[in-house]
file coords_8.csv (CSV, C-alpha atoms and all ligand atoms)
chain,number,residue,atom,x,y,z
A,9,MET,CA,124.1,-9.6,-20.6
A,10,GLU,CA,121.0,-8.1,-19.0
A,11,LYS,CA,119.8,-8.2,-15.4
A,12,LYS,CA,116.0,-8.4,-15.8
A,13,SER,CA,113.6,-6.6,-13.6
A,14,LYS,CA,111.8,-9.1,-11.5
A,15,PRO,CA,108.1,-9.8,-12.3
A,16,ALA,CA,105.8,-9.8,-9.4
A,17,THR,CA,105.1,-13.1,-7.7
A,18,MET,CA,101.7,-14.4,-8.7
A,19,LYS,CA,99.3,-16.4,-6.4
A,20,GLY,CA,98.2,-19.7,-7.8
A,21,VAL,CA,94.5,-19.4,-8.3
A,22,SER,CA,92.0,-21.6,-6.5
A,23,GLU,CA,90.5,-22.9,-9.8
A,24,THR,CA,93.8,-24.8,-10.5
A,25,PHE,CA,95.5,-25.2,-7.1
A,26,THR,CA,94.6,-26.4,-3.6
A,27,GLY,CA,96.3,-24.6,-0.8
A,28,GLU,CA,98.8,-21.7,-1.0
A,29,VAL,CA,100.9,-21.7,-4.1
A,30,TRP,CA,103.2,-18.8,-5.3
A,31,ILE,CA,104.6,-18.5,-8.9
A,32,ASP,CA,107.6,-16.5,-9.9
A,33,PRO,CA,108.0,-16.2,-13.7
A,34,ILE,CA,111.7,-16.8,-14.6
A,35,VAL,CA,111.7,-17.0,-18.4
A,36,THR,CA,108.9,-16.2,-20.8
A,37,GLY,CA,110.4,-16.6,-24.2
A,38,GLU,CA,109.6,-14.1,-26.9
A,39,GLU,CA,108.8,-15.3,-30.4
A,40,PRO,CA,110.1,-17.4,-32.0
A,41,SER,CA,111.1,-18.9,-28.5
A,42,ARG,CA,108.2,-20.4,-26.7
A,43,ILE,CA,110.0,-21.5,-23.5
A,44,ARG,CA,108.3,-20.9,-20.2
A,45,VAL,CA,110.1,-21.3,-16.9
A,46,ASN,CA,108.3,-20.7,-13.6
A,47,SER,CA,109.5,-21.2,-10.1
A,48,VAL,CA,106.5,-22.6,-8.2
A,49,ARG,CA,106.4,-22.7,-4.4
A,50,PHE,CA,103.9,-25.0,-2.7
A,51,SER,CA,103.1,-24.6,1.0
A,52,PRO,CA,102.7,-27.8,3.0
A,53,GLY,CA,99.6,-29.7,1.7
A,54,ALA,CA,99.3,-27.5,-1.4
A,55,ARG,CA,99.0,-29.1,-4.9
A,56,SER,CA,98.0,-28.6,-8.4
A,57,ALA,CA,94.7,-29.9,-9.8
A,58,TRP,CA,94.9,-32.8,-12.2
A,59,HIS,CA,96.1,-31.5,-15.6
A,60,SER,CA,98.2,-32.3,-18.7
A,61,HIS,CA,100.5,-30.3,-20.9
A,62,VAL,CA,100.2,-30.1,-24.7
A,63,LEU,CA,103.9,-30.3,-25.2
A,64,GLY,CA,104.9,-32.0,-21.9
A,65,GLN,CA,106.7,-30.6,-19.0
A,66,THR,CA,110.0,-30.9,-17.1
A,67,LEU,CA,110.1,-30.2,-13.3
A,68,CYS,CA,113.3,-29.6,-11.4
A,69,VAL,CA,112.9,-29.5,-7.7
A,70,THR,CA,114.9,-26.7,-6.1
A,71,ASP,CA,113.8,-27.0,-2.5
A,72,GLY,CA,111.8,-29.1,0.0
A,73,VAL,CA,110.0,-32.3,-0.5
A,74,GLY,CA,106.9,-33.0,-2.6
A,75,GLN,CA,105.2,-35.6,-4.7
A,76,VAL,CA,104.0,-36.2,-8.2
A,77,GLN,CA,101.5,-38.6,-9.6
A,78,THR,CA,100.5,-39.8,-13.0
A,79,LYS,CA,96.9,-40.9,-13.4
A,80,GLY,CA,96.6,-44.6,-12.6
A,81,GLN,CA,100.1,-44.8,-11.0
A,82,GLU,CA,101.6,-44.6,-7.6
A,83,ARG,CA,102.6,-41.2,-6.1
A,84,VAL,CA,106.3,-40.6,-6.3
A,85,ILE,CA,108.3,-38.5,-3.7
A,86,ILE,CA,110.4,-35.8,-5.1
A,87,GLN,CA,113.0,-33.6,-3.4
A,88,ALA,CA,115.7,-31.0,-4.2
A,89,GLY,CA,117.7,-32.0,-7.2
A,90,ASP,CA,115.1,-34.4,-8.7
A,91,VAL,CA,114.1,-33.9,-12.3
A,92,VAL,CA,110.8,-35.3,-13.5
A,93,THR,CA,109.6,-35.2,-17.1
A,94,THR,CA,106.0,-35.6,-18.2
A,95,PRO,CA,105.2,-36.5,-21.8
A,96,PRO,CA,102.6,-34.5,-23.8
A,97,HIS,CA,99.0,-35.0,-22.7
A,98,GLU,CA,99.8,-37.3,-19.7
A,99,VAL,CA,97.4,-36.5,-16.9
A,100,HIS,CA,99.2,-35.8,-13.6
A,101,TRP,CA,99.5,-33.5,-10.6
A,102,HIS,CA,102.4,-32.2,-8.5
A,103,GLY,CA,102.6,-30.6,-5.0
A,104,ALA,CA,104.2,-30.4,-1.6
A,105,LEU,CA,104.1,-33.1,1.0
A,106,ALA,CA,101.6,-32.4,3.8
A,107,ASP,CA,104.5,-31.5,6.2
A,108,HIS,CA,107.0,-29.9,3.9
A,109,TYR,CA,107.3,-26.9,1.5
A,110,MET,CA,108.3,-27.8,-2.0
A,111,THR,CA,109.6,-25.5,-4.8
A,112,HIS,CA,110.2,-26.6,-8.3
A,113,LEU,CA,111.1,-25.0,-11.6
A,114,SER,CA,108.4,-25.8,-14.2
A,115,ILE,CA,109.7,-25.8,-17.8
A,116,THR,CA,107.2,-25.9,-20.6
A,117,GLU,CA,106.7,-24.5,-24.1
A,118,GLY,CA,103.9,-22.3,-25.3
A,119,VAL,CA,101.8,-24.0,-28.0
A,120,GLY,CA,102.3,-21.2,-30.6
A,121,PRO,CA,101.2,-17.7,-31.5
A,122,SER,CA,97.6,-18.7,-31.0
A,123,ASP,CA,95.9,-18.4,-27.6
A,124,GLU,CA,95.7,-22.1,-27.3
A,125,PRO,CA,96.5,-22.9,-23.6
A,126,GLU,CA,99.6,-24.9,-22.9
A,127,THR,CA,98.0,-26.6,-19.9
A,128,ASN,CA,94.6,-28.5,-19.8
A,129,TRP,CA,93.2,-28.2,-16.3
A,130,MET,CA,90.9,-30.8,-14.8
A,131,GLN,CA,89.4,-31.6,-11.4
A,132,HIS,CA,91.1,-30.8,-8.1
A,133,VAL,CA,93.1,-33.5,-6.3
A,134,THR,CA,90.9,-34.6,-3.5
A,135,ASP,CA,92.1,-35.3,0.1
A,136,GLU,CA,91.4,-38.9,-0.6
A,137,GLU,CA,93.7,-38.9,-3.6
A,138,TYR,CA,96.3,-36.8,-1.7
A,139,PHE,CA,96.3,-38.7,1.5
A,140,GLY,CA,95.1,-42.1,0.4
A,141,GLU,CA,97.1,-45.2,-0.4
B,201,MN,MN,102.3,-30.4,-14.7
call {"tool": "encode", "arguments": {"input": "coords_8.csv", "output": "structure tokens"}}
result
Amino acid sequence: MEKKSKPATMKGVSETFTGEVWIDPIVTGEEPSRIRVNSVRFSPGARSAWHSHVLGQTLCVTDGVGQVQTKGQERVIIQAGDVVTTPPHEVHWHGALADHYMTHLSITEGVGPSDEPETNWMQHVTDEEYFGE
């Protein structure tokens, strides 16, 4: 057993997030493992841009209340204990509610030894999309 030194918290960059988002790397698997587990904390109103994952994603909400949306579908409220899976290449976003923090674990896999990105980022989620019906 090994107690790991804690990597520094990273700020979610404005190219891929709206609002204040903080990311704590929990597991970054070393080859041949490709697992990636991050704890992602969204401030109220903060959210990811639209994106998809080459190998899909599992989210496990650990705190607060947020929402997820798949392109072309209704937004879904998520809260602590909820687990959401996204299949490969499905376009979606996730974030906090406007009046709640939300923290989730993000579980993904790296695509391989190449530099191919695991996430394909797209446009930001507009206020109309975030607040609209
Ligand atoms: Mn995602």
call {"tool": "atom_distance", "arguments": {"input": "coords_8.csv", "atom1": "CA of Gly37 (chain A)", "atom2": "CA of Val119 (chain A)"}}
result
12.0 Å
call {"tool": "residues_near_point", "arguments": {"input": "coords_8.csv", "point": "(105.7, -33.9, -6.4)", "cutoff": "12 Å", "atoms": "all atoms listed in the file", "output": "PDB file with C-alpha atoms, in the frame of the given file"}}
result
ATOM      1  CA  VAL A  48     106.500 -22.600  -8.200  1.00  0.00           C
ATOM      2  CA  ARG A  49     106.400 -22.700  -4.400  1.00  0.00           C
ATOM      3  CA  PHE A  50     103.900 -25.000  -2.700  1.00  0.00           C
ATOM      4  CA  PRO A  52     102.700 -27.800   3.000  1.00  0.00           C
ATOM      5  CA  GLY A  53      99.600 -29.700   1.700  1.00  0.00           C
ATOM      6  CA  ALA A  54      99.300 -27.500  -1.400  1.00  0.00           C
ATOM      7  CA  ARG A  55      99.000 -29.100  -4.900  1.00  0.00           C
ATOM      8  CA  SER A  56      98.000 -28.600  -8.400  1.00  0.00           C
ATOM      9  CA  THR A  66     110.000 -30.900 -17.100  1.00  0.00           C
ATOM     10  CA  LEU A  67     110.100 -30.200 -13.300  1.00  0.00           C
ATOM     11  CA  CYS A  68     113.300 -29.600 -11.400  1.00  0.00           C
ATOM     12  CA  VAL A  69     112.900 -29.500  -7.700  1.00  0.00           C
ATOM     13  CA  THR A  70     114.900 -26.700  -6.100  1.00  0.00           C
ATOM     14  CA  ASP A  71     113.800 -27.000  -2.500  1.00  0.00           C
ATOM     15  CA  GLY A  72     111.800 -29.100   0.000  1.00  0.00           C
ATOM     16  CA  VAL A  73     110.000 -32.300  -0.500  1.00  0.00           C
ATOM     17  CA  GLY A  74     106.900 -33.000  -2.600  1.00  0.00           C
ATOM     18  CA  GLN A  75     105.200 -35.600  -4.700  1.00  0.00           C
ATOM     19  CA  VAL A  76     104.000 -36.200  -8.200  1.00  0.00           C
ATOM     20  CA  GLN A  77     101.500 -38.600  -9.600  1.00  0.00           C
ATOM     21  CA  THR A  78     100.500 -39.800 -13.000  1.00  0.00           C
ATOM     22  CA  GLU A  82     101.600 -44.600  -7.600  1.00  0.00           C
ATOM     23  CA  ARG A  83     102.600 -41.200  -6.100  1.00  0.00           C
ATOM     24  CA  VAL A  84     106.300 -40.600  -6.300  1.00  0.00           C
ATOM     25  CA  ILE A  85     108.300 -38.500  -3.700  1.00  0.00           C
ATOM     26  CA  ILE A  86     110.400 -35.800  -5.100  1.00  0.00           C
ATOM     27  CA  GLN A  87     113.000 -33.600  -3.400  1.00  0.00           C
ATOM     28  CA  ALA A  88     115.700 -31.000  -4.200  1.00  0.00           C
ATOM     29  CA  ASP A  90     115.100 -34.400  -8.700  1.00  0.00           C
ATOM     30  CA  VAL A  91     114.100 -33.900 -12.300  1.00  0.00           C
ATOM     31  CA  VAL A  92     110.800 -35.300 -13.500  1.00  0.00           C
ATOM     32  CA  THR A  93     109.600 -35.200 -17.100  1.00  0.00           C
ATOM     33  CA  THR A  94     106.000 -35.600 -18.200  1.00  0.00           C
ATOM     34  CA  HIS A 100      99.200 -35.800 -13.600  1.00  0.00           C
ATOM     35  CA  TRP A 101      99.500 -33.500 -10.600  1.00  0.00           C
ATOM     36  CA  HIS A 102     102.400 -32.200  -8.500  1.00  0.00           C
ATOM     37  CA  GLY A 103     102.600 -30.600  -5.000  1.00  0.00           C
ATOM     38  CA  ALA A 104     104.200 -30.400  -1.600  1.00  0.00           C
ATOM     39  CA  LEU A 105     104.100 -33.100   1.000  1.00  0.00           C
ATOM     40  CA  ALA A 106     101.600 -32.400   3.800  1.00  0.00           C
ATOM     41  CA  HIS A 108     107.000 -29.900   3.900  1.00  0.00           C
ATOM     42  CA  TYR A 109     107.300 -26.900   1.500  1.00  0.00           C
ATOM     43  CA  MET A 110     108.300 -27.800  -2.000  1.00  0.00           C
ATOM     44  CA  THR A 111     109.600 -25.500  -4.800  1.00  0.00           C
ATOM     45  CA  HIS A 112     110.200 -26.600  -8.300  1.00  0.00           C
ATOM     46  CA  LEU A 113     111.100 -25.000 -11.600  1.00  0.00           C
ATOM     47  CA  SER A 114     108.400 -25.800 -14.200  1.00  0.00           C
ATOM     48  CA  TYR A 138      96.300 -36.800  -1.700  1.00  0.00           C
TER      49      TYR A 138
END
call {"tool": "atom_distance", "arguments": {"input": "coords_8.csv", "atom1": "atom MN of ligand MN 201 (chain B)", "atom2": "CA of Lys12 (chain A)"}}
result
25.9 Å
call {"tool": "closest_residue", "arguments": {"input": "coords_8.csv", "among": "A:Ser51, A:Gly89, A:Ile43, A:Thr36", "to": "Gly20 (chain A)", "atoms": "all atoms listed in the file"}}
result
A:Ser51
call {"tool": "atom_distance", "arguments": {"input": "coords_8.csv", "atom1": "CA of Arg42 (chain A)", "atom2": "CA of His61 (chain A)"}}
result
13.8 Å
call {"tool": "closest_residue", "arguments": {"input": "coords_8.csv", "among": "A:Pro125, A:Gly140, A:Gly64, A:Gly80", "to": "ligand MN 201 (chain B)", "atoms": "all atoms listed in the file"}}
result
A:Gly64
call {"tool": "axis_aligned_box", "arguments": {"input": "coords_8.csv", "around": "region 21-24 of chain A", "padding_each_side": "3 Å", "output": "lines of an AutoDock Vina configuration file"}}
result
center_x = 92.5
center_y = -22.1
center_z = -8.5
size_x = 10.0
size_y = 11.4
size_z = 10.0
call {"tool": "closest_residue", "arguments": {"input": "coords_8.csv", "among": "A:Asp107, A:Gln131, A:Gln81, A:Trp58", "to": "ligand MN 201 (chain B)", "atoms": "only C-alpha atoms and all ligand atoms"}}
result
A:Trp58
call {"tool": "closest_residue", "arguments": {"input": "coords_8.csv", "among": "A:Ser13, A:Thr127, A:Thr134, A:Ser41", "to": "ligand MN 201 (chain B)", "atoms": "all atoms listed in the file"}}
result
A:Thr127
call {"tool": "closest_residue", "arguments": {"input": "coords_8.csv", "among": "A:Glu10, A:Glu38, A:Glu28, A:Glu98", "to": "ligand MN 201 (chain B)", "atoms": "all atoms listed in the file"}}
result
A:Glu98
call {"tool": "closest_residue", "arguments": {"input": "coords_8.csv", "among": "A:Ala57, A:Val35, A:Met9, A:Val133", "to": "ligand MN 201 (chain B)", "atoms": "all atoms listed in the file"}}
result
A:Ala57
call {"tool": "residues_around", "arguments": {"input": "coords_8.csv", "residues": "Pro33 (chain A)", "least_positions_apart": "4", "cutoff": "7 Å", "atoms": "only C-alpha atoms", "output": "list in words"}}
result
Pro15, Val45, Asn46 and Ser47 of chain A
call {"tool": "write_last_selection", "arguments": {"input": "coords_8.csv", "atoms": "C-alpha atoms", "output": "PDB file, keeping the file's coordinate frame"}}
result
ATOM      1  CA  PRO A  15     108.100  -9.800 -12.300  1.00  0.00           C
ATOM      2  CA  VAL A  45     110.100 -21.300 -16.900  1.00  0.00           C
ATOM      3  CA  ASN A  46     108.300 -20.700 -13.600  1.00  0.00           C
ATOM      4  CA  SER A  47     109.500 -21.200 -10.100  1.00  0.00           C
TER       5      SER A  47
END
call {"tool": "residues_near_point", "arguments": {"input": "coords_8.csv", "point": "(105.5, -35.2, -26.2)", "cutoff": "6 Å", "atoms": "all atoms listed in the file", "output": "PyMOL selection string"}}
result
chain A and resi 63-64+95-96
call {"tool": "build_atoms", "arguments": {"input": "coords_8.csv", "residues": "region 19-44 of chain A", "atoms": "N, CA, C and O atoms", "output": "PDB file, in the coordinates of the input"}}
result
ATOM      1  N   LYS A  19      99.961 -15.348  -7.281  1.00  0.00           N
ATOM      2  CA  LYS A  19      99.300 -16.400  -6.400  1.00  0.00           C
ATOM      3  C   LYS A  19      98.668 -17.413  -7.341  1.00  0.00           C
ATOM      4  O   LYS A  19      97.942 -17.041  -8.272  1.00  0.00           O
ATOM      5  N   GLY A  20      98.923 -18.685  -7.075  1.00  0.00           N
ATOM      6  CA  GLY A  20      98.200 -19.700  -7.800  1.00  0.00           C
ATOM      7  C   GLY A  20      96.737 -19.662  -7.498  1.00  0.00           C
ATOM      8  O   GLY A  20      96.350 -19.599  -6.333  1.00  0.00           O
ATOM      9  N   VAL A  21      95.916 -19.657  -8.533  1.00  0.00           N
ATOM     10  CA  VAL A  21      94.500 -19.400  -8.300  1.00  0.00           C
ATOM     11  C   VAL A  21      93.782 -20.701  -7.880  1.00  0.00           C
ATOM     12  O   VAL A  21      94.215 -21.819  -8.174  1.00  0.00           O
ATOM     13  N   SER A  22      92.668 -20.510  -7.139  1.00  0.00           N
ATOM     14  CA  SER A  22      92.000 -21.600  -6.500  1.00  0.00           C
ATOM     15  C   SER A  22      91.298 -22.537  -7.534  1.00  0.00           C
ATOM     16  O   SER A  22      90.914 -23.657  -7.214  1.00  0.00           O
ATOM     17  N   GLU A  23      91.125 -22.050  -8.767  1.00  0.00           N
ATOM     18  CA  GLU A  23      90.500 -22.900  -9.800  1.00  0.00           C
ATOM     19  C   GLU A  23      91.488 -24.042 -10.174  1.00  0.00           C
ATOM     20  O   GLU A  23      91.050 -25.102 -10.638  1.00  0.00           O
ATOM     21  N   THR A  24      92.797 -23.835 -10.018  1.00  0.00           N
ATOM     22  CA  THR A  24      93.800 -24.800 -10.500  1.00  0.00           C
ATOM     23  C   THR A  24      94.702 -25.336  -9.413  1.00  0.00           C
ATOM     24  O   THR A  24      95.488 -26.240  -9.673  1.00  0.00           O
ATOM     25  N   PHE A  25      94.633 -24.750  -8.211  1.00  0.00           N
ATOM     26  CA  PHE A  25      95.500 -25.200  -7.100  1.00  0.00           C
ATOM     27  C   PHE A  25      94.672 -25.361  -5.839  1.00  0.00           C
ATOM     28  O   PHE A  25      93.712 -24.624  -5.608  1.00  0.00           O
ATOM     29  N   THR A  26      95.088 -26.308  -4.993  1.00  0.00           N
ATOM     30  CA  THR A  26      94.600 -26.400  -3.600  1.00  0.00           C
ATOM     31  C   THR A  26      95.640 -25.954  -2.688  1.00  0.00           C
ATOM     32  O   THR A  26      96.802 -26.351  -2.822  1.00  0.00           O
ATOM     33  N   GLY A  27      95.295 -25.102  -1.739  1.00  0.00           N
ATOM     34  CA  GLY A  27      96.300 -24.600  -0.800  1.00  0.00           C
ATOM     35  C   GLY A  27      97.036 -23.408  -1.384  1.00  0.00           C
ATOM     36  O   GLY A  27      96.718 -22.913  -2.465  1.00  0.00           O
ATOM     37  N   GLU A  28      98.062 -22.973  -0.635  1.00  0.00           N
ATOM     38  CA  GLU A  28      98.800 -21.700  -1.000  1.00  0.00           C
ATOM     39  C   GLU A  28      99.951 -22.049  -1.919  1.00  0.00           C
ATOM     40  O   GLU A  28     100.847 -22.812  -1.544  1.00  0.00           O
ATOM     41  N   VAL A  29      99.915 -21.467  -3.100  1.00  0.00           N
ATOM     42  CA  VAL A  29     100.900 -21.700  -4.100  1.00  0.00           C
ATOM     43  C   VAL A  29     101.357 -20.333  -4.675  1.00  0.00           C
ATOM     44  O   VAL A  29     100.488 -19.498  -4.972  1.00  0.00           O
ATOM     45  N   TRP A  30     102.666 -20.113  -4.812  1.00  0.00           N
ATOM     46  CA  TRP A  30     103.200 -18.800  -5.300  1.00  0.00           C
ATOM     47  C   TRP A  30     104.063 -19.111  -6.533  1.00  0.00           C
ATOM     48  O   TRP A  30     104.877 -20.037  -6.527  1.00  0.00           O
ATOM     49  N   ILE A  31     103.906 -18.304  -7.565  1.00  0.00           N
ATOM     50  CA  ILE A  31     104.600 -18.500  -8.900  1.00  0.00           C
ATOM     51  C   ILE A  31     105.407 -17.338  -9.235  1.00  0.00           C
ATOM     52  O   ILE A  31     104.895 -16.210  -9.298  1.00  0.00           O
ATOM     53  N   ASP A  32     106.695 -17.578  -9.459  1.00  0.00           N
ATOM     54  CA  ASP A  32     107.600 -16.500  -9.900  1.00  0.00           C
ATOM     55  C   ASP A  32     107.966 -16.853 -11.402  1.00  0.00           C
ATOM     56  O   ASP A  32     108.625 -17.866 -11.665  1.00  0.00           O
ATOM     57  N   PRO A  33     107.563 -16.006 -12.339  1.00  0.00           N
ATOM     58  CA  PRO A  33     108.000 -16.200 -13.700  1.00  0.00           C
ATOM     59  C   PRO A  33     109.506 -15.957 -13.829  1.00  0.00           C
ATOM     60  O   PRO A  33     109.988 -14.914 -13.389  1.00  0.00           O
ATOM     61  N   ILE A  34     110.234 -16.923 -14.402  1.00  0.00           N
ATOM     62  CA  ILE A  34     111.700 -16.800 -14.600  1.00  0.00           C
ATOM     63  C   ILE A  34     112.024 -16.450 -16.013  1.00  0.00           C
ATOM     64  O   ILE A  34     112.805 -15.544 -16.281  1.00  0.00           O
ATOM     65  N   VAL A  35     111.451 -17.212 -16.945  1.00  0.00           N
ATOM     66  CA  VAL A  35     111.700 -17.000 -18.400  1.00  0.00           C
ATOM     67  C   VAL A  35     110.335 -17.073 -19.095  1.00  0.00           C
ATOM     68  O   VAL A  35     109.621 -18.067 -18.925  1.00  0.00           O
ATOM     69  N   THR A  36     109.983 -16.077 -19.843  1.00  0.00           N
ATOM     70  CA  THR A  36     108.900 -16.200 -20.800  1.00  0.00           C
ATOM     71  C   THR A  36     109.397 -15.774 -22.136  1.00  0.00           C
ATOM     72  O   THR A  36     109.613 -14.599 -22.427  1.00  0.00           O
ATOM     73  N   GLY A  37     109.697 -16.785 -22.942  1.00  0.00           N
ATOM     74  CA  GLY A  37     110.400 -16.600 -24.200  1.00  0.00           C
ATOM     75  C   GLY A  37     109.556 -15.700 -25.164  1.00  0.00           C
ATOM     76  O   GLY A  37     108.328 -15.802 -25.206  1.00  0.00           O
ATOM     77  N   GLU A  38     110.245 -14.857 -25.872  1.00  0.00           N
ATOM     78  CA  GLU A  38     109.600 -14.100 -26.900  1.00  0.00           C
ATOM     79  C   GLU A  38     109.750 -14.749 -28.241  1.00  0.00           C
ATOM     80  O   GLU A  38     110.790 -15.348 -28.509  1.00  0.00           O
ATOM     81  N   GLU A  39     108.748 -14.691 -29.096  1.00  0.00           N
ATOM     82  CA  GLU A  39     108.800 -15.300 -30.400  1.00  0.00           C
ATOM     83  C   GLU A  39     110.120 -15.086 -31.089  1.00  0.00           C
ATOM     84  O   GLU A  39     110.602 -13.957 -31.053  1.00  0.00           O
ATOM     85  N   PRO A  40     110.694 -16.103 -31.731  1.00  0.00           N
ATOM     86  CA  PRO A  40     110.100 -17.400 -32.000  1.00  0.00           C
ATOM     87  C   PRO A  40     110.318 -18.398 -30.772  1.00  0.00           C
ATOM     88  O   PRO A  40     109.838 -19.515 -30.837  1.00  0.00           O
ATOM     89  N   SER A  41     111.001 -17.987 -29.716  1.00  0.00           N
ATOM     90  CA  SER A  41     111.100 -18.900 -28.500  1.00  0.00           C
ATOM     91  C   SER A  41     109.723 -19.003 -27.900  1.00  0.00           C
ATOM     92  O   SER A  41     108.933 -18.064 -27.861  1.00  0.00           O
ATOM     93  N   ARG A  42     109.450 -20.204 -27.377  1.00  0.00           N
ATOM     94  CA  ARG A  42     108.200 -20.400 -26.700  1.00  0.00           C
ATOM     95  C   ARG A  42     108.415 -20.976 -25.282  1.00  0.00           C
ATOM     96  O   ARG A  42     107.513 -21.538 -24.668  1.00  0.00           O
ATOM     97  N   ILE A  43     109.662 -20.867 -24.801  1.00  0.00           N
ATOM     98  CA  ILE A  43     110.000 -21.500 -23.500  1.00  0.00           C
ATOM     99  C   ILE A  43     109.287 -20.695 -22.378  1.00  0.00           C
ATOM    100  O   ILE A  43     109.148 -19.471 -22.426  1.00  0.00           O
ATOM    101  N   ARG A  44     108.852 -21.466 -21.383  1.00  0.00           N
ATOM    102  CA  ARG A  44     108.300 -20.900 -20.200  1.00  0.00           C
ATOM    103  C   ARG A  44     108.909 -21.581 -18.984  1.00  0.00           C
ATOM    104  O   ARG A  44     108.822 -22.803 -18.850  1.00  0.00           O
TER     105      ARG A  44
END
